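Here's the structure we're looking at; comments come further down.
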Amino acid sequence: MKKTPVLLTFIAFLLASSLSAQTVQLAVSDTSGPQISRNIYGHFSEHLGRCIYDGFWTGDHIRMDIVDALKKIKIPVLRWPGGCFADQYHWRDAIGPRDQRKKTVNTTWGMVTEDNSFGTHEFLELCGLLGCQPYVAGNMGSGTPEEMSNWLEYLNFNGKSTLADLRRQNGRQEPWNVSFWGVGNESWGCGGNMTPEYYAGEYNRYSEFCKQYPGAPLKLIASGANGPDYNWTDVVMKNIARGRTWGLSMHYYTVAGSWEHKGSATNFGEDDYFKAMAACLRMETIVSKHSAIMDKYDPKKRIALVVDEWGIWTDAEPGTNPAFLYQQNSMRDALIAATTLNIFNNHADRVKMAALAQTVNVLQALVLTEKDKMLLTPTYHVFDLYKVHQDAHSLAVNFKSPDYGHGGGTIPAVNVSASKDSSGAVHISLVNLDPAKKITLRTSIAGISFRTLRGQILTSPKFNDFNSFDQPDKVKPAVFNGAKKDGNSLSVELPPMSVVVLELK
Ligand code: AHR
């Protein structure tokens with residue numbers, strides 16, 4: 001890593017509001033860290049509930065209001081068609097004239113009829129409209145190496161072959177050159193109940209037949225661990241053909257209660273708020289430990305850790321199909337998103353791609369729809385504020401957070417990440433999880449020069465405030481006036497439950 005000759009360091013003293021005399025030192029240093037891949041800001045769209053059907057797809061066209069909203073946050077990559085659905089998906093069912101496509105059953109999510117009107121061509125058209133990279137999860141669980149290999153030929157071969165001609169006959173002349181390719185999903189569970197040893201062998205067999213067509217370099221992503229299952233990562237990293245592997249995935253969901261009783265998305269008190277935040281912060285340990293195991297087999301960090309499913313999972317909204325995983329999205333979710341993205345930014349050396357689950361109407365969604373209406377969730381606004389970090393270089397942050405305590409437990413109240421973009425602008429994203437205390441940062445700055453200081457804030461009086469179709473703008477970003485440049489110092493006042501992004505230029 002190239003170091004800048006002048007070490008740009010500023011030391012901040014966090015004085016935890018008038019309620020506490022605690023002083024915390026925050027140091028952001030300008031030693032240019034790893035690049036924060038834009039793909040950390042990726043998303044996931046599964047054939048599940050109302051994500052694709054009655055979400056992105058109306059039955060015969062893609063919803064452009066959703067496309068425009070996602071373009072605004074610079075969506076870099078979109079994962080599809082699952083999730084668990086990926087391992088029951090047969091791509092040939094969903095090509096050709098729509099009225100002739102096979103009707104199948106979505107046995108994973110609610111036994112609903114899958115009419116396959118949204119298939120390969122529609123997904124890649126969506127990615128084209130969004131201006132993002134497609135990330136296709138291939139079927140290893142119920143498919144064959146031949147089926148996976150044929151799909152890649154259909155997608156990526158520019159020459160003459162029966163499958164490439166079929167693609168042309170179906171309206172697409174040029175290959176799409178799909179690059180990100182998942183070899184199975186959750187192969188330890190819905191993707192086939194495999195042991196890591198068995199999966200590694202299968203991965204080696206399938207990936208052998210995932211061919212690199214000219215102009216279409218494949219980035220293969222192996223199916224990874226269930227949260228803190230470190231043995232999975234160890235065995236898989238040891239046994240897979242690492243030379244043809246771009247990434248290893250990992251899934252971790254934030255659950256406030258138990259898997260049986262996850263708790264409501266909006267009707268919760270401080271107990272559930274605290275538990276959800278504590279669960280969300282476990283991502284730091286989980287990512288660190290998986291990274292350390294990967295370092296053993298891949299010390300040069302060539303293989304990415306791809307957190308391609310994350311986010312809060314609550315009970316489904318009352319009155320909706322529980323198999324559709326439709327949940328509202330509150331200020332709590334925004335704090336979870338901001339905290340998780342700070343963790344990923346701070347691990348940009350290993351985490352090079354991630355995907356929040358899921359983009360529209362499912363789990364921690366960015367967008368909710370009701371007939372032709374659409375609203376943007378608090379989580380959407382976090383991705384909007386944080387897009388400044390995409391492809392910027394991370395800056396090291398050192399500080400000790402004050403504690404937020406509840407019910408006998410404590411968690412760090414504050415989390416931070418910082419980056420410097422190609423124009424030299426520095427962005428610092430700060431999160432205060434404490435629901436009652438404001439936190440004042442009094443920062444003395446050494447060696448940093450900036451002329452303008454701007455900020456935006458996302459906050460709300462209650463952690464369970466949310467945007468509804470009646471009040472779609474209840475939680476939305478505002479200009480932040482709580483940061484002041486005072487000579488050679490910076491003071492920042494973080495309100496309770498807030499996400500602040502500062503720009504120093
Ligand atoms: O995102 C919902 C489901 O969660 C996905 O289908 C699966 O991969 C995970 O268990």
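In the structure tokens, chains take the letters A, B, ... in the order shown, each chain's residues start at 1, and ligands count up from 1 in the order shown.
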
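Of the residues in range 130-202 of chain A, those given strand (DSSP E or B) by DSSP on the backbone are Gln133, Pro134, Tyr135, Val136, Ala137, Gly138, Phe180, Trp181, Gly182 and Val183 of chain A.
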
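Every residue having at least one atom no farther than 7 Å from ligand 1 is included below, with only C-alpha atoms and all ligand atoms taken into account: Glu46, Gly82, Gly83, Cys84, Phe85, Asn185, Glu186, Glu309, Ala357 and Gln358 of chain A.
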
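Among the candidate residues A:Glu197, A:Glu202, A:Asp470, A:Glu122, the one lying nearest to Trp232 in chain A is A:Glu197, with distances computed using only C-alpha atoms.
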
Nearest to Ala338 in chain A, chosen from A:His381, A:Arg454, A:Lys474, A:Lys71, with only C-alpha atoms counted in the distances = A:His381

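Here the question is which of A:Asp271, A:Leu325, A:Lys420, A:Asp403 gets nearest to Phe463 in chain A using only C-alpha atoms, and that residue is A:Asp271.
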
Give the helix (DSSP H, G or I) residues of range 274-481 of chain A, as DSSP finds them on the backbone, and put them as a ChimeraX atom specification.
-> /A:274-297,322-324,331-346,378-389

Would you mind listing what lies within 12 Å of Ala413 in chain A as a ChimeraX atom specification, with only C-alpha atoms counted and same-chain residues fewer than 3 positions away left out?
-> /A:14,16,24,274,277-278,281,335,339,399-406,410,416,430-439,494-499

Kindly assemble as a Markdown table a list of the range 432-470 of chain A residues that lie within 12 Å of range 382-394 of chain A, each paired with its nearest atom pair and their distance in Å to one decimal, using only C-alpha atoms, sorted first by chain and then by ascending residue number.
| residue | atom | partner | partner_atom | distance |
| --- | --- | --- | --- | --- |
| A:Gly455 | CA | A:Leu385 | CA | 9.7 |
| A:Gln456 | CA | A:Leu385 | CA | 7.5 |
| A:Ile457 | CA | A:Leu385 | CA | 8.5 |
| A:Leu458 | CA | A:Val382 | CA | 7.6 |
| A:Thr459 | CA | A:Val382 | CA | 10.5 |

Excluding same-chain residues fewer than 5 positions from Gly159 in chain A, what lies within 12 Å of it counting only C-alpha atoms, as a short mmCIF file (atom, residue, chain, number, x, y, z; two decimals) with N, CA and C atoms, in the first residue's frame?
data_model
loop_
_atom_site.label_atom_id
_atom_site.label_comp_id
_atom_site.auth_asym_id
_atom_site.auth_seq_id
_atom_site.Cartn_x
_atom_site.Cartn_y
_atom_site.Cartn_z
N GLU A 153 -22.59 -20.65 -21.49
CA GLU A 153 -22.40 -20.55 -22.95
C GLU A 153 -23.48 -19.64 -23.55
N TYR A 154 -24.72 -19.83 -23.11
CA TYR A 154 -25.85 -19.02 -23.59
C TYR A 154 -25.61 -17.53 -23.29
N ALA A 164 -25.70 -20.23 -28.37
CA ALA A 164 -25.52 -18.80 -28.67
C ALA A 164 -26.56 -18.37 -29.71
N ASP A 165 -26.87 -19.26 -30.65
CA ASP A 165 -27.89 -18.94 -31.66
C ASP A 165 -29.29 -18.86 -31.03
N LEU A 166 -29.51 -19.70 -30.04
CA LEU A 166 -30.80 -19.65 -29.33
C LEU A 166 -30.97 -18.29 -28.63
N ARG A 167 -29.88 -17.82 -28.03
CA ARG A 167 -29.91 -16.50 -27.40
C ARG A 167 -30.27 -15.44 -28.44
N ARG A 168 -29.66 -15.54 -29.61
CA ARG A 168 -29.93 -14.55 -30.67
C ARG A 168 -31.39 -14.64 -31.11
N GLN A 173 -28.42 -10.35 -29.46
CA GLN A 173 -27.32 -10.67 -30.38
C GLN A 173 -26.00 -10.87 -29.64
N GLU A 174 -25.61 -9.83 -28.90
CA GLU A 174 -24.29 -9.85 -28.25
C GLU A 174 -24.36 -10.64 -26.95
N PRO A 175 -23.26 -11.28 -26.58
CA PRO A 175 -23.27 -11.92 -25.27
C PRO A 175 -23.29 -10.86 -24.17
N TYR A 213 -15.24 -17.60 -21.48
CA TYR A 213 -15.37 -17.29 -22.91
C TYR A 213 -14.61 -16.00 -23.20
N PRO A 214 -14.12 -15.86 -24.43
CA PRO A 214 -13.33 -14.66 -24.75
C PRO A 214 -14.13 -13.40 -24.42
N GLY A 215 -13.48 -12.49 -23.74
CA GLY A 215 -14.13 -11.22 -23.37
C GLY A 215 -15.02 -11.32 -22.16
#

Have a look at A:Tyr135, A:Tyr252, A:Tyr273, A:Tyr230 and name the one nearest to Val183 in chain A; count only C-alpha atoms.
->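 Between A:Tyr135, A:Tyr252, A:Tyr273, A:Tyr230, the residue approaching Val183 in chain A most closely is A:Tyr135.
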
A:Val28, A:Cys127, A:Leu152, A:Ile95 ranked by distance to Gly171 in chain A, top pick (using only C-alpha atoms) =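 Ranking A:Val28, A:Cys127, A:Leu152, A:Ile95 by distance to Gly171 in chain A, first place goes to A:Ile95.
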
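Proximity to range 295-308 of chain A at 7 Å, evaluated using only C-alpha atoms and with sequence-adjacent residues fewer than 4 positions away removed, yields Met237, Lys238, Thr245, Trp246, Gly247, Leu248, Ser249, Met250, His251, Ser291, Arg350, Val351, Lys352, Met353, Ala354, Ala355 and Leu356 of chain A.
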
Distance in Å - CA of Tyr326 in chain A versus CA of Phe56 in chain A = 14.6 Å
